Amino acid sequence: FYLLGTAIFLIIWFRKKLPPFLFGFFLILLPQIIFDLRHEFLISKAVTAAILHPKVYQLALPFGERILARADLFFLVFAKTFAFGIKILAFGIFVLGILGFSFFLKTADKKLPKIAGGFLILITTLFLGFLWYKDVIWEHYLVGLPTLALFFLLLAFSLRKPLWLGKVLVVVAVFLVLINLGNNLKKQEEWVGDASVLKNQIEILDFIYQDAQKEKFNVIVYTPPLIDYPYRYLFLWYGQKKYGYQPSPSLEPQKTLYVILEPDVYLPQRRIL
């Protein structure tokens with residue numbers, strides 16, 4: 001979706017720069033293209049199937065509810081980017097931002113509408129893409145938006161023509177983004193976010209190893225995506241490095257068995273054993 005939005009942005013505002021972009025994009029995809037040609041279009045078939053017949057692993061929301069859910073998630077990310085997660089404060093900042101942009105639009109550099117339009121195109125493309133995607137959207141899917149906002153704010157600040165007050169407002173916006181990013185990184189609560197957060201998963205491993213007291217054990221993991229690769233990697237990387245051993249394979253049953261059940265908010269019936 002980001003690539004699609006970038007392509008639309010270049011087509012509208014920077015058509016002369018579109019060929020270099022397409023050439024660079026082609027070079028990036030060249031290994032995949034060669035692989036596809038040598039393996040009976042395996043990647044193309046998988047992508048086509050995902051677009052035409054997308055699988056829903058958790059909960060397919062009706063279209064109306066999907067619009068509200070996606071809008072709420074995007075606004076939550078906006079609030080965590082500029083307003084410490086406080087939605088009322090974020091709404092005020094959003095309104096002031098729109099008014100400020102409208103005020104400086106006539107007197108600012110001609111490139112300002114292009115910068116704002118590029119950001120709007122990327123956000124709109126991403127939003128429409130997630131509307132098409134019927135499955136659950138998690139907050140970490142949008143983890144790159146604060147960095148993207150920071151990039152466009154810095155582009156706006158680099159323009160020559162905005163009045164000094166406009167530059168001050170951009171500096172304030174950049175400051176808010178950096179403060180909010182730092183605030184999110186420094187949170188040290190005992191349990192932050194959900195079970196998919198690395199800090200929480202590390203705490204789970206520490207509990208298991210400390211409870212096992214250097215004895216061998218087996219482990220079974222249930223996660224909402226039904227894929228336990230993150231825990232396999234953590235036992236291999238963190239468990240082996242810190243405690244010197246990993247869980248025994250299932251073919252080697254031990255006296256102790258640990259079961260990790262991550263909560264599934266959308267399909268709680270999956271947790272019934």
# chains A, B, ... in the order shown; residues from 1 in each chain; ligands from 1
>>> residues_around(residues="A:Gly85", least_positions_apart="3", cutoff="7 Å", atoms="only C-alpha atoms", output="PDB file with N, CA, C and O atoms, in the first residue's frame")
ATOM      1  N   LEU A  76      -6.130   6.698  16.653  1.00  0.00           N
ATOM      2  CA  LEU A  76      -5.355   6.310  17.830  1.00  0.00           C
ATOM      3  C   LEU A  76      -3.855   6.467  17.567  1.00  0.00           C
ATOM      4  O   LEU A  76      -3.117   6.965  18.428  1.00  0.00           O
ATOM      5  N   ALA A  79      -3.101  10.062  17.702  1.00  0.00           N
ATOM      6  CA  ALA A  79      -3.065  10.528  19.092  1.00  0.00           C
ATOM      7  C   ALA A  79      -1.762  10.136  19.774  1.00  0.00           C
ATOM      8  O   ALA A  79      -1.181  10.913  20.537  1.00  0.00           O
ATOM      9  N   LYS A  80      -1.275   8.921  19.498  1.00  0.00           N
ATOM     10  CA  LYS A  80      -0.027   8.473  20.113  1.00  0.00           C
ATOM     11  C   LYS A  80       1.197   9.129  19.480  1.00  0.00           C
ATOM     12  O   LYS A  80       2.286   9.101  20.054  1.00  0.00           O
TER      13      LYS A  80
END
>>> residues_around(residues="A:Val77", least_positions_apart="3", cutoff="8 Å", atoms="only C-alpha atoms", output="list of chain:residue names")
A:Leu73, A:Phe74, A:Lys80, A:Thr81, A:Gly85, A:Glu139, A:Leu142, A:Leu145, A:Pro146
>>> atom_distance(atom1="atom CA of A:Leu61", atom2="atom CA of A:Lys134")
6.3 Å
>>> select_by_dssp(residues="stretch 51-248 of chain A", states="strand (DSSP E or B)", output="PyMOL selection string")
chain A and resi 218-222
>>> write_last_selection(atoms="all heavy atoms", output="tab-separated table (two decimals), in the first residue's frame")
chain	number	residue	atom	x	y	z
A	218	ASN	N	8.93	-29.46	28.16
A	218	ASN	CA	8.29	-29.27	26.86
A	218	ASN	C	7.42	-28.02	26.92
A	218	ASN	O	7.04	-27.57	28.00
A	218	ASN	CB	7.41	-30.47	26.50
A	218	ASN	CG	8.20	-31.76	26.38
A	218	ASN	OD1	8.07	-32.64	27.22
A	218	ASN	ND2	9.01	-31.87	25.35
A	219	VAL	N	7.12	-27.48	25.77
A	219	VAL	CA	6.28	-26.29	25.72
A	219	VAL	C	5.36	-26.36	24.51
A	219	VAL	O	5.74	-26.84	23.44
A	219	VAL	CB	7.14	-25.00	25.67
A	219	VAL	CG1	7.96	-24.94	24.39
A	219	VAL	CG2	6.26	-23.76	25.80
A	220	ILE	N	4.12	-25.92	24.71
A	220	ILE	CA	3.14	-25.79	23.63
A	220	ILE	C	2.70	-24.33	23.59
A	220	ILE	O	2.43	-23.73	24.63
A	220	ILE	CB	1.91	-26.69	23.87
A	220	ILE	CG1	2.32	-28.17	23.87
A	220	ILE	CG2	0.85	-26.45	22.80
A	220	ILE	CD1	1.17	-29.10	24.20
A	221	VAL	N	2.65	-23.75	22.39
A	221	VAL	CA	2.33	-22.34	22.25
A	221	VAL	C	1.10	-22.18	21.37
A	221	VAL	O	1.01	-22.77	20.29
A	221	VAL	CB	3.51	-21.56	21.63
A	221	VAL	CG1	3.15	-20.08	21.48
A	221	VAL	CG2	4.76	-21.72	22.49
A	222	TYR	N	0.16	-21.38	21.87
A	222	TYR	CA	-0.98	-20.98	21.03
A	222	TYR	C	-0.95	-19.46	20.89
A	222	TYR	O	-0.93	-18.73	21.88
A	222	TYR	CB	-2.33	-21.40	21.61
A	222	TYR	CG	-3.46	-20.70	20.91
A	222	TYR	CD1	-3.87	-21.12	19.65
A	222	TYR	CD2	-4.04	-19.56	21.45
A	222	TYR	CE1	-4.86	-20.45	18.97
A	222	TYR	CE2	-5.05	-18.88	20.77
A	222	TYR	CZ	-5.45	-19.32	19.53
A	222	TYR	OH	-6.42	-18.64	18.85
>>> residues_around(residues="A:Thr223", least_positions_apart="4", cutoff="7 Å", atoms="only C-alpha atoms", output="number ranges by chain")
A: 227-228, 261-262
